[in-house]
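Notes follow once the structure below has been shown.
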Amino acid sequence: MSAISRNLQAVKNNISVSAHESAREPAAVKLLAVSKTCNAQAVLEAALAGQLAFGENYEQEAIAKIVSVRAERPDLALEWHFIGPIQSNKTRPIAENFDWVHTIDREKIARRLSDQRPANRPPLNVCLQINISGEDSKSGVLPEQAAELARKVAAMPHLRLRGLMAIPEPEEDPEKQRLPYRRMHQLFDELRAQGLEMDTLSMGMTADMAAAIAEGATIVRVGTAIFGSRDYAK
């Protein structure tokens with residue numbers, strides 16, 4: 001068994017343990033393998049070990065990787081998620097090549113993604129990025145502005161609003177890690193009560209995955225624990 005295969009199994013085991021401790025079904029938590037800065041061979045190795053959903057932060061690097069992986073193994077039905085900040089001049093390649101975008105925080109970006117989504121592809125699955133910790137340096141819409149943006153995004157013809165995403169301020173204490181994720185789940189419930197059909201809470205990474213799962217995460221984004229810090233760099 002390769003290092004990536006072993007790491008994947010360990011992460012999935014941790015997800016299962018955290019889910020059971022929170023009285024949740026492990027199948028309700030999807031693992032998104034964050035493959036940014038990793039090469040195509042690392043993605044293929046993970047895919048052959050059963051991992052099918054991959055997260056990328058950098059548009060140019062990601063699309064080269066997607067093309068390479070598809071060329072080598074067109075039989076693999078992989079799911080590609082864009083999880084980085086989006087510049088206006090980068091929306092077209094993202095709309096054309098990805099299945100999900102987790103980082104919608106402006107109507108302008110959402111509108112461009114909808115307009116540029118190819119007609120032969122299904123609607124682009126999107127999440128609103130929420131600045132749940134209120135950090136000046138962090139991307140994301142503030143919680144009190146989320147409902148207005150969510151309604152606008154939900155009405156766009158080539159997007160499908162799936163839920164919310166957050167990257168809270170780092171915190172080492174496990175109980176304190178749970179607080180922003182608890183607020184995220186509360187916001188998620190509030191928006192659903194207003195009639196917005198959502199099913200996704202994208203939250204939690206390697207260091208705080210257990211806290212996110214305890215507070216209802218449905219997608220956890222894990223990179224280092226699967227690929228290491230530099231071992232599979234492109």
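Each chain of the structure tokens is named A, B, ... in the order shown, its residues numbered from 1; ligands are numbered from 1 in display order.
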May I have all residues of stretch 22-107 of chain A that DSSP, computed from the backbone, assigns to alpha helix (DSSP H), given as a PyMOL selection string? chain A and resi 40-48+59-72+91-97+107
With N, CA and C atoms retained, write the just-selected residues as a PDB file, in the first residue's frame.
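selection.pdb written:
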```
ATOM      1  N   ALA A  40      -0.113  15.643 -10.900  1.00  0.00           N
ATOM      2  CA  ALA A  40      -1.203  14.810 -11.403  1.00  0.00           C
ATOM      3  C   ALA A  40      -1.061  13.361 -10.960  1.00  0.00           C
ATOM      4  N   GLN A  41       0.162  12.890 -10.836  1.00  0.00           N
ATOM      5  CA  GLN A  41       0.360  11.501 -10.426  1.00  0.00           C
ATOM      6  C   GLN A  41      -0.127  11.260  -9.000  1.00  0.00           C
ATOM      7  N   ALA A  42       0.031  12.270  -8.134  1.00  0.00           N
ATOM      8  CA  ALA A  42      -0.477  12.135  -6.768  1.00  0.00           C
ATOM      9  C   ALA A  42      -1.999  12.044  -6.773  1.00  0.00           C
ATOM     10  N   VAL A  43      -2.643  12.838  -7.620  1.00  0.00           N
ATOM     11  CA  VAL A  43      -4.100  12.762  -7.745  1.00  0.00           C
ATOM     12  C   VAL A  43      -4.507  11.387  -8.242  1.00  0.00           C
ATOM     13  N   LEU A  44      -3.830  10.895  -9.261  1.00  0.00           N
ATOM     14  CA  LEU A  44      -4.164   9.573  -9.799  1.00  0.00           C
ATOM     15  C   LEU A  44      -3.960   8.483  -8.752  1.00  0.00           C
ATOM     16  N   GLU A  45      -2.916   8.608  -7.964  1.00  0.00           N
ATOM     17  CA  GLU A  45      -2.665   7.611  -6.915  1.00  0.00           C
ATOM     18  C   GLU A  45      -3.806   7.609  -5.894  1.00  0.00           C
ATOM     19  N   ALA A  46      -4.242   8.800  -5.514  1.00  0.00           N
ATOM     20  CA  ALA A  46      -5.365   8.897  -4.577  1.00  0.00           C
ATOM     21  C   ALA A  46      -6.649   8.374  -5.208  1.00  0.00           C
ATOM     22  N   ALA A  47      -6.853   8.695  -6.480  1.00  0.00           N
ATOM     23  CA  ALA A  47      -8.065   8.249  -7.170  1.00  0.00           C
ATOM     24  C   ALA A  47      -8.114   6.720  -7.262  1.00  0.00           C
ATOM     25  N   LEU A  48      -6.987   6.122  -7.540  1.00  0.00           N
ATOM     26  CA  LEU A  48      -6.939   4.659  -7.653  1.00  0.00           C
ATOM     27  C   LEU A  48      -7.107   3.996  -6.288  1.00  0.00           C
ATOM     28  N   GLU A  59      -6.233  28.405 -10.179  1.00  0.00           N
ATOM     29  CA  GLU A  59      -6.916  28.076 -11.430  1.00  0.00           C
ATOM     30  C   GLU A  59      -5.990  27.504 -12.496  1.00  0.00           C
ATOM     31  N   GLN A  60      -4.875  28.167 -12.755  1.00  0.00           N
ATOM     32  CA  GLN A  60      -4.010  27.723 -13.853  1.00  0.00           C
ATOM     33  C   GLN A  60      -3.393  26.358 -13.568  1.00  0.00           C
ATOM     34  N   GLU A  61      -2.870  26.203 -12.366  1.00  0.00           N
ATOM     35  CA  GLU A  61      -2.299  24.913 -11.965  1.00  0.00           C
ATOM     36  C   GLU A  61      -3.361  23.817 -12.011  1.00  0.00           C
ATOM     37  N   ALA A  62      -4.545  24.133 -11.527  1.00  0.00           N
ATOM     38  CA  ALA A  62      -5.604  23.127 -11.435  1.00  0.00           C
ATOM     39  C   ALA A  62      -6.036  22.631 -12.806  1.00  0.00           C
ATOM     40  N   ILE A  63      -6.215  23.548 -13.738  1.00  0.00           N
ATOM     41  CA  ILE A  63      -6.725  23.140 -15.048  1.00  0.00           C
ATOM     42  C   ILE A  63      -5.697  22.295 -15.790  1.00  0.00           C
ATOM     43  N   ALA A  64      -4.417  22.633 -15.668  1.00  0.00           N
ATOM     44  CA  ALA A  64      -3.375  21.787 -16.268  1.00  0.00           C
ATOM     45  C   ALA A  64      -3.428  20.379 -15.680  1.00  0.00           C
ATOM     46  N   LYS A  65      -3.686  20.302 -14.388  1.00  0.00           N
ATOM     47  CA  LYS A  65      -3.766  19.007 -13.710  1.00  0.00           C
ATOM     48  C   LYS A  65      -4.998  18.230 -14.150  1.00  0.00           C
ATOM     49  N   ILE A  66      -6.124  18.912 -14.241  1.00  0.00           N
ATOM     50  CA  ILE A  66      -7.363  18.266 -14.681  1.00  0.00           C
ATOM     51  C   ILE A  66      -7.185  17.677 -16.077  1.00  0.00           C
ATOM     52  N   VAL A  67      -6.601  18.459 -16.977  1.00  0.00           N
ATOM     53  CA  VAL A  67      -6.378  17.996 -18.351  1.00  0.00           C
ATOM     54  C   VAL A  67      -5.457  16.786 -18.364  1.00  0.00           C
ATOM     55  N   SER A  68      -4.399  16.841 -17.569  1.00  0.00           N
ATOM     56  CA  SER A  68      -3.438  15.734 -17.523  1.00  0.00           C
ATOM     57  C   SER A  68      -4.071  14.455 -16.980  1.00  0.00           C
ATOM     58  N   VAL A  69      -4.827  14.582 -15.911  1.00  0.00           N
ATOM     59  CA  VAL A  69      -5.466  13.415 -15.301  1.00  0.00           C
ATOM     60  C   VAL A  69      -6.494  12.809 -16.255  1.00  0.00           C
ATOM     61  N   ARG A  70      -7.287  13.657 -16.902  1.00  0.00           N
ATOM     62  CA  ARG A  70      -8.296  13.152 -17.838  1.00  0.00           C
ATOM     63  C   ARG A  70      -7.657  12.462 -19.037  1.00  0.00           C
ATOM     64  N   ALA A  71      -6.536  12.991 -19.487  1.00  0.00           N
ATOM     65  CA  ALA A  71      -5.863  12.389 -20.639  1.00  0.00           C
ATOM     66  C   ALA A  71      -5.312  11.012 -20.296  1.00  0.00           C
ATOM     67  N   GLU A  72      -4.780  10.888 -19.084  1.00  0.00           N
ATOM     68  CA  GLU A  72      -4.186   9.605 -18.692  1.00  0.00           C
ATOM     69  C   GLU A  72      -5.229   8.569 -18.309  1.00  0.00           C
ATOM     70  N   THR A  91     -12.904  33.695 -14.022  1.00  0.00           N
ATOM     71  CA  THR A  91     -14.160  32.960 -13.847  1.00  0.00           C
ATOM     72  C   THR A  91     -14.454  31.995 -14.992  1.00  0.00           C
ATOM     73  N   ARG A  92     -14.116  32.363 -16.234  1.00  0.00           N
ATOM     74  CA  ARG A  92     -14.477  31.499 -17.357  1.00  0.00           C
ATOM     75  C   ARG A  92     -13.840  30.111 -17.266  1.00  0.00           C
ATOM     76  N   PRO A  93     -12.519  30.006 -17.087  1.00  0.00           N
ATOM     77  CA  PRO A  93     -11.950  28.654 -16.989  1.00  0.00           C
ATOM     78  C   PRO A  93     -12.472  27.868 -15.792  1.00  0.00           C
ATOM     79  N   ILE A  94     -12.805  28.559 -14.709  1.00  0.00           N
ATOM     80  CA  ILE A  94     -13.373  27.867 -13.551  1.00  0.00           C
ATOM     81  C   ILE A  94     -14.769  27.359 -13.887  1.00  0.00           C
ATOM     82  N   ALA A  95     -15.573  28.195 -14.532  1.00  0.00           N
ATOM     83  CA  ALA A  95     -16.928  27.787 -14.916  1.00  0.00           C
ATOM     84  C   ALA A  95     -16.900  26.621 -15.892  1.00  0.00           C
ATOM     85  N   GLU A  96     -15.882  26.579 -16.731  1.00  0.00           N
ATOM     86  CA  GLU A  96     -15.811  25.554 -17.771  1.00  0.00           C
ATOM     87  C   GLU A  96     -15.264  24.224 -17.273  1.00  0.00           C
ATOM     88  N   ASN A  97     -14.454  24.234 -16.212  1.00  0.00           N
ATOM     89  CA  ASN A  97     -13.700  23.026 -15.848  1.00  0.00           C
ATOM     90  C   ASN A  97     -14.053  22.400 -14.505  1.00  0.00           C
ATOM     91  N   GLU A 107     -21.773  38.957  -5.653  1.00  0.00           N
ATOM     92  CA  GLU A 107     -22.736  38.725  -6.720  1.00  0.00           C
ATOM     93  C   GLU A 107     -22.056  38.761  -8.085  1.00  0.00           C
TER      94      GLU A 107
END
```
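Using only C-alpha atoms, the smallest distance between any of A:Pro157, A:Pro143, A:Pro174, A:Gly216 and A:Leu113 comes from A:Pro157.
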Which residues are near A:Asp208? Cut-off 9 Å, only C-alpha atoms, ignore same chain within fewer than 2 positions. Put them as a PyMOL selection string. chain A and resi 170-172+174+177-178+204-206+210-213
